[in-house]
Amino acid sequence: MDAGDMGPALKEVLITAEQLSKRTEELAAQIDADYAGRELLLVGVLKGAVMVMADLARAMHLPVQMDWMAVSSYGSGTKSSGVVRILKDLDADISGRHVLIVEDIIDSGLTLSWLVGNLKSRDPASVAIAAMLRKPSSAQMDIEVAYTGFDVPDEFVVGYGLDYAERYRNLPFIGTLAPEVYGGNTSR
Ligand code: 5GP
Ligand code: MG
Ligand code: MG
């Protein structure tokens with residue numbers, strides 16, 4: 001799927017597939033170096049982080065394990081409430097293990113800070129975060145993101161795993177939608 005297939009729905013390509021792939025290589029090299037000699041469990045947050053996880057894991061040289069969680073943070077709207085529900089929990093016990101949460105995007109940071117707290121309560125050796133995208137509002141949150149791909153403006157973005165109403169996840173790039181697609185309400 002490319003920008004042309006989206007027709008008038010797409011406003012702008014913010015980050016190309018090439019840029020995503022290059023940045024993924026860089027992040028993978030950093031993570032390889034930081035976790036050398038340790039066993040790492042990558043925890044992907046469904047569904048948005050599927051592409052990030054798949055590409056990051058393949059760009060890494062360290063042997064890693066992968067597990068998945070699904071949480072609901074948005075409820076009926078599209079803005080984080082901080083009220084998080086586990087829809088699918090990890091399969092594995094993480095006590096004593098090094099955990100790296102892999103996320104698509106950090107916006108308010110509410111979902112991730114809840115998730116970090118939840119995982120830390122399971123007695124892991126460490127918990128860190130990798131997020132491909134970061135929005136400006138996350139700066140207000142006291143949450144440390146060890147690995148970030150790109151800073152994006154406070155606009156609703158889609159592609160590379162990120163959806164709008166479950167669509168656009170398979171775009172290989174990150175783009176913004178035309179306002180008429182989502183009603184022009186960026187505060188969601
Ligand atoms: P937060 O709790 O940090 O506000 O939001 C976390 C989740 O909201 C992300 O993992 C992602 O699923 C969703 N989200 C936040 N901003 C966007 C966006 O611009 N586009 C899409 N598609 N999802 C977003
Ligand atoms: Mg997500
Ligand atoms: Mg979504």
# chains A, B, ... in the order shown; residues from 1 in each chain; ligands from 1
>>> closest_atom_pairs(of="chain A", to="ligand 1", cutoff="7 Å", atoms="only C-alpha atoms and all ligand atoms", output="CSV")
residue,atom,partner,partner_atom_place_in_ligand_line,distance
A:Gly48,CA,ligand 1,12 (O),5.6
A:Ser73,CA,ligand 1,2 (O),6.5
A:Tyr74,CA,ligand 1,8 (O),6.9
A:Lys79,CA,ligand 1,4 (O),6.3
A:Ser80,CA,ligand 1,4 (O),4.6
A:Gly82,CA,ligand 1,2 (O),6.7
A:Glu103,CA,ligand 1,10 (O),6.1
A:Asp104,CA,ligand 1,10 (O),5.6
A:Ile105,CA,ligand 1,9 (C),4.9
A:Ile106,CA,ligand 1,3 (O),4.0
A:Asp107,CA,ligand 1,3 (O),3.5
A:Ser108,CA,ligand 1,4 (O),3.5
A:Gly109,CA,ligand 1,3 (O),3.5
A:Leu110,CA,ligand 1,2 (O),4.1
A:Thr111,CA,ligand 1,2 (O),3.7
A:Leu112,CA,ligand 1,2 (O),6.2
A:Ser138,CA,ligand 1,3 (O),6.8
A:Glu155,CA,ligand 1,19 (O),5.8
A:Phe156,CA,ligand 1,19 (O),3.5
A:Val157,CA,ligand 1,19 (O),4.0
A:Val158,CA,ligand 1,22 (N),4.8
A:Leu162,CA,ligand 1,22 (N),4.2
A:Asp163,CA,ligand 1,22 (N),4.2
A:Tyr164,CA,ligand 1,22 (N),5.3
>>> write_last_selection(atoms="N, CA and C atoms", output="mmCIF file, in the first residue's frame")
data_model
loop_
_atom_site.group_PDB
_atom_site.id
_atom_site.type_symbol
_atom_site.label_atom_id
_atom_site.label_comp_id
_atom_site.auth_asym_id
_atom_site.auth_seq_id
_atom_site.Cartn_x
_atom_site.Cartn_y
_atom_site.Cartn_z
ATOM 1 N N GLY A 48 -0.895 -1.887 17.936
ATOM 2 C CA GLY A 48 -0.104 -0.857 17.253
ATOM 3 C C GLY A 48 1.375 -1.172 17.107
ATOM 4 N N SER A 73 -6.943 1.522 26.483
ATOM 5 C CA SER A 73 -6.765 2.756 27.237
ATOM 6 C C SER A 73 -7.715 3.842 26.764
ATOM 7 N N TYR A 74 -8.256 3.658 25.595
ATOM 8 C CA TYR A 74 -9.039 4.746 25.017
ATOM 9 C C TYR A 74 -10.537 4.592 25.191
ATOM 10 N N LYS A 79 -8.947 9.436 23.236
ATOM 11 C CA LYS A 79 -7.992 10.097 24.124
ATOM 12 C C LYS A 79 -7.782 9.224 25.352
ATOM 13 N N SER A 80 -6.513 9.066 25.751
ATOM 14 C CA SER A 80 -6.205 8.267 26.929
ATOM 15 C C SER A 80 -6.907 8.803 28.161
ATOM 16 N N GLY A 82 -6.210 7.096 31.188
ATOM 17 C CA GLY A 82 -5.421 6.620 32.313
ATOM 18 C C GLY A 82 -6.060 5.394 32.944
ATOM 19 N N GLU A 103 6.563 -0.058 22.072
ATOM 20 C CA GLU A 103 5.321 0.661 21.774
ATOM 21 C C GLU A 103 5.408 1.394 20.446
ATOM 22 N N ASP A 104 4.246 1.638 19.872
ATOM 23 C CA ASP A 104 4.179 2.416 18.642
ATOM 24 C C ASP A 104 4.393 3.895 18.916
ATOM 25 N N ILE A 105 3.631 4.424 19.883
ATOM 26 C CA ILE A 105 3.644 5.874 20.091
ATOM 27 C C ILE A 105 3.358 6.190 21.549
ATOM 28 N N ILE A 106 4.011 7.218 22.048
ATOM 29 C CA ILE A 106 3.682 7.712 23.383
ATOM 30 C C ILE A 106 3.093 9.112 23.221
ATOM 31 N N ASP A 107 1.882 9.235 23.695
ATOM 32 C CA ASP A 107 1.157 10.504 23.553
ATOM 33 C C ASP A 107 1.071 11.143 24.933
ATOM 34 N N SER A 108 0.009 10.873 25.691
ATOM 35 C CA SER A 108 -0.051 11.415 27.054
ATOM 36 C C SER A 108 0.922 10.670 27.971
ATOM 37 N N GLY A 109 1.254 9.437 27.622
ATOM 38 C CA GLY A 109 2.129 8.621 28.466
ATOM 39 C C GLY A 109 1.373 7.857 29.538
ATOM 40 N N LEU A 110 0.068 8.071 29.594
ATOM 41 C CA LEU A 110 -0.732 7.435 30.648
ATOM 42 C C LEU A 110 -0.741 5.912 30.523
ATOM 43 N N THR A 111 -0.871 5.442 29.279
ATOM 44 C CA THR A 111 -0.917 3.993 29.067
ATOM 45 C C THR A 111 0.398 3.356 29.495
ATOM 46 N N LEU A 112 1.498 3.962 29.052
ATOM 47 C CA LEU A 112 2.805 3.393 29.361
ATOM 48 C C LEU A 112 3.149 3.481 30.838
ATOM 49 N N SER A 138 3.895 14.016 25.854
ATOM 50 C CA SER A 138 4.517 13.014 26.723
ATOM 51 C C SER A 138 5.574 13.637 27.628
ATOM 52 N N GLU A 155 -0.463 15.698 16.199
ATOM 53 C CA GLU A 155 -1.498 15.428 15.200
ATOM 54 C C GLU A 155 -1.787 13.945 15.239
ATOM 55 N N PHE A 156 -2.962 13.571 14.756
ATOM 56 C CA PHE A 156 -3.299 12.150 14.751
ATOM 57 C C PHE A 156 -2.599 11.469 13.587
ATOM 58 N N VAL A 157 -1.723 10.526 13.896
ATOM 59 C CA VAL A 157 -0.943 9.862 12.849
ATOM 60 C C VAL A 157 -1.399 8.417 12.666
ATOM 61 N N VAL A 158 -1.198 7.912 11.466
ATOM 62 C CA VAL A 158 -1.558 6.526 11.151
ATOM 63 C C VAL A 158 -0.433 5.873 10.362
ATOM 64 N N LEU A 162 -0.166 1.847 13.305
ATOM 65 C CA LEU A 162 -1.134 2.759 13.929
ATOM 66 C C LEU A 162 -2.399 2.883 13.085
ATOM 67 N N ASP A 163 -3.535 2.848 13.766
ATOM 68 C CA ASP A 163 -4.813 2.834 13.040
ATOM 69 C C ASP A 163 -5.638 4.083 13.271
ATOM 70 N N TYR A 164 -6.587 4.251 12.395
ATOM 71 C CA TYR A 164 -7.755 5.081 12.703
ATOM 72 C C TYR A 164 -8.947 4.185 12.431
#
>>> residues_around(residues="stretch 21-38 of chain A", least_positions_apart="2", cutoff="6 Å", atoms="only C-alpha atoms", output="PyMOL selection string")
chain A and resi 18-19+56+59-60+62
>>> write_last_selection(atoms="C-alpha atoms", output="mmCIF file, in the first residue's frame")
data_model
loop_
_atom_site.group_PDB
_atom_site.id
_atom_site.type_symbol
_atom_site.label_atom_id
_atom_site.label_comp_id
_atom_site.auth_asym_id
_atom_site.auth_seq_id
_atom_site.Cartn_x
_atom_site.Cartn_y
_atom_site.Cartn_z
ATOM 1 C CA GLU A 18 13.172 4.259 4.526
ATOM 2 C CA GLN A 19 13.452 6.591 7.507
ATOM 3 C CA LEU A 56 13.119 -4.099 15.658
ATOM 4 C CA ALA A 59 17.280 -5.758 13.216
ATOM 5 C CA MET A 60 18.720 -6.911 16.541
ATOM 6 C CA LEU A 62 20.916 -10.377 20.452
#
>>> residues_around(residues="A:Asn170", least_positions_apart="6", cutoff="7 Å", atoms="only C-alpha atoms", output="PyMOL selection string")
chain A and resi 159-161
>>> closest_residue(among="A:Ile174, A:Glu144, A:Met51, A:Met66", to="ligand 2", atoms="only C-alpha atoms and all ligand atoms")
A:Met51
>>> residues_around(residues="A:Ser95", least_positions_apart="5", cutoff="7 Å", atoms="only C-alpha atoms", output="PDB file with C-alpha atoms, in the first residue's frame")
ATOM      1  CA  ARG A 122       5.766  -8.583  38.877  1.00  0.00           C
ATOM      2  CA  ASP A 123       9.340  -8.343  40.149  1.00  0.00           C
ATOM      3  CA  PRO A 124      11.329  -8.230  36.886  1.00  0.00           C
ATOM      4  CA  ALA A 125      15.096  -7.550  36.854  1.00  0.00           C
TER       5      ALA A 125
END
>>> select_by_dssp(residues="chain A", states="alpha helix (DSSP H)", output="NGL selection string")
:A and (17-34 or 50-59 or 110-120 or 179-182)
>>> closest_residue(among="A:Thr16, A:Leu119, A:Glu166, A:Val152", to="A:Lys135", atoms="only C-alpha atoms")
A:Val152
>>> residues_around(residues="A:Gly44", least_positions_apart="6", cutoff="10 Å", atoms="only C-alpha atoms", output="ChimeraX atom specification")
/A:50-54,66-70,90,100-104,130
>>> write_last_selection(atoms="C-alpha atoms", output="compact mmCIF listing (two decimals), in the first residue's frame")
# COMPACT_ATOMS: atom_id res chain seq x y z
CA VAL A 50 3.27 -5.15 15.76
CA MET A 51 5.29 -3.53 12.97
CA VAL A 52 7.78 -1.88 15.33
CA MET A 53 8.30 -5.16 17.17
CA ALA A 54 8.71 -7.25 14.02
CA MET A 66 8.90 -11.88 22.47
CA ASP A 67 5.62 -11.65 24.31
CA TRP A 68 2.53 -9.52 23.85
CA MET A 69 0.02 -7.62 25.88
CA ALA A 70 -3.20 -6.01 24.79
CA LEU A 90 1.61 -11.82 29.01
CA LEU A 100 11.76 -3.95 27.18
CA ILE A 101 8.28 -2.66 26.40
CA VAL A 102 7.90 -1.97 22.67
CA GLU A 103 5.32 0.66 21.77
CA ASP A 104 4.18 2.42 18.64
CA ALA A 130 11.17 1.70 23.41
>>> closest_residue(among="A:Thr176, A:Thr148, A:Ser126, A:Asn118", to="A:Gly96", atoms="only C-alpha atoms")
A:Ser126
>>> select_by_dssp(residues="stretch 64-148 of chain A", states="strand (DSSP E)", output="ChimeraX atom specification")
/A:64-72,85-88,98-106,126-134,147-148
>>> atom_distance(atom1="atom CA of A:Lys88", atom2="atom CA of A:Trp114")
15.0 Å
>>> closest_residue(among="A:Lys47, A:Arg134, A:Arg97, A:Lys11", to="ligand 3", atoms="only C-alpha atoms and all ligand atoms")
A:Lys47
>>> closest_residue(among="A:Ala17, A:Ala131, A:Val99, A:Ala165", to="ligand 3", atoms="only C-alpha atoms and all ligand atoms")
A:Ala165
>>> decode(residues="stretch 50-97 of chain A", atoms="C-alpha atoms", output="PDB file, in the first residue's frame")
ATOM      1  CA  VAL A  50       3.266  -5.146  15.758  1.00  0.00           C
ATOM      2  CA  MET A  51       5.286  -3.533  12.965  1.00  0.00           C
ATOM      3  CA  VAL A  52       7.780  -1.883  15.326  1.00  0.00           C
ATOM      4  CA  MET A  53       8.296  -5.164  17.171  1.00  0.00           C
ATOM      5  CA  ALA A  54       8.710  -7.251  14.019  1.00  0.00           C
ATOM      6  CA  ASP A  55      11.232  -4.897  12.463  1.00  0.00           C
ATOM      7  CA  LEU A  56      13.119  -4.099  15.658  1.00  0.00           C
ATOM      8  CA  ALA A  57      13.481  -7.747  16.645  1.00  0.00           C
ATOM      9  CA  ARG A  58      14.823  -8.653  13.208  1.00  0.00           C
ATOM     10  CA  ALA A  59      17.280  -5.758  13.216  1.00  0.00           C
ATOM     11  CA  MET A  60      18.720  -6.911  16.541  1.00  0.00           C
ATOM     12  CA  HIS A  61      21.572  -9.365  16.864  1.00  0.00           C
ATOM     13  CA  LEU A  62      20.916 -10.377  20.452  1.00  0.00           C
ATOM     14  CA  PRO A  63      18.689 -13.398  20.824  1.00  0.00           C
ATOM     15  CA  VAL A  64      15.442 -12.096  22.301  1.00  0.00           C
ATOM     16  CA  GLN A  65      12.151 -13.536  23.389  1.00  0.00           C
ATOM     17  CA  MET A  66       8.896 -11.875  22.474  1.00  0.00           C
ATOM     18  CA  ASP A  67       5.624 -11.651  24.310  1.00  0.00           C
ATOM     19  CA  TRP A  68       2.530  -9.521  23.849  1.00  0.00           C
ATOM     20  CA  MET A  69       0.025  -7.620  25.883  1.00  0.00           C
ATOM     21  CA  ALA A  70      -3.196  -6.007  24.792  1.00  0.00           C
ATOM     22  CA  VAL A  71      -4.551  -3.156  26.856  1.00  0.00           C
ATOM     23  CA  SER A  72      -7.421  -0.818  26.280  1.00  0.00           C
ATOM     24  CA  SER A  73      -6.765   2.756  27.237  1.00  0.00           C
ATOM     25  CA  TYR A  74      -9.039   4.746  25.017  1.00  0.00           C
ATOM     26  CA  GLY A  75     -12.446   3.234  25.642  1.00  0.00           C
ATOM     27  CA  SER A  76     -14.988   4.669  23.253  1.00  0.00           C
ATOM     28  CA  GLY A  77     -13.110   7.889  22.495  1.00  0.00           C
ATOM     29  CA  THR A  78      -9.594   8.291  21.183  1.00  0.00           C
ATOM     30  CA  LYS A  79      -7.992  10.097  24.124  1.00  0.00           C
ATOM     31  CA  SER A  80      -6.205   8.267  26.929  1.00  0.00           C
ATOM     32  CA  SER A  81      -8.074   8.303  30.191  1.00  0.00           C
ATOM     33  CA  GLY A  82      -5.421   6.620  32.313  1.00  0.00           C
ATOM     34  CA  VAL A  83      -7.956   3.913  33.016  1.00  0.00           C
ATOM     35  CA  VAL A  84      -6.319   0.869  31.535  1.00  0.00           C
ATOM     36  CA  ARG A  85      -7.759  -2.591  31.202  1.00  0.00           C
ATOM     37  CA  ILE A  86      -5.762  -5.701  30.331  1.00  0.00           C
ATOM     38  CA  LEU A  87      -7.404  -7.428  27.366  1.00  0.00           C
ATOM     39  CA  LYS A  88      -4.607  -9.958  26.939  1.00  0.00           C
ATOM     40  CA  ASP A  89      -1.926 -10.543  29.521  1.00  0.00           C
ATOM     41  CA  LEU A  90       1.612 -11.819  29.013  1.00  0.00           C
ATOM     42  CA  ASP A  91       1.964 -15.560  28.532  1.00  0.00           C
ATOM     43  CA  ALA A  92       5.195 -15.661  30.516  1.00  0.00           C
ATOM     44  CA  ASP A  93       6.252 -14.956  34.079  1.00  0.00           C
ATOM     45  CA  ILE A  94       8.666 -12.007  33.997  1.00  0.00           C
ATOM     46  CA  SER A  95      10.118 -12.227  37.489  1.00  0.00           C
ATOM     47  CA  GLY A  96      13.904 -11.826  37.394  1.00  0.00           C
ATOM     48  CA  ARG A  97      13.878 -10.987  33.684  1.00  0.00           C
TER      49      ARG A  97
END
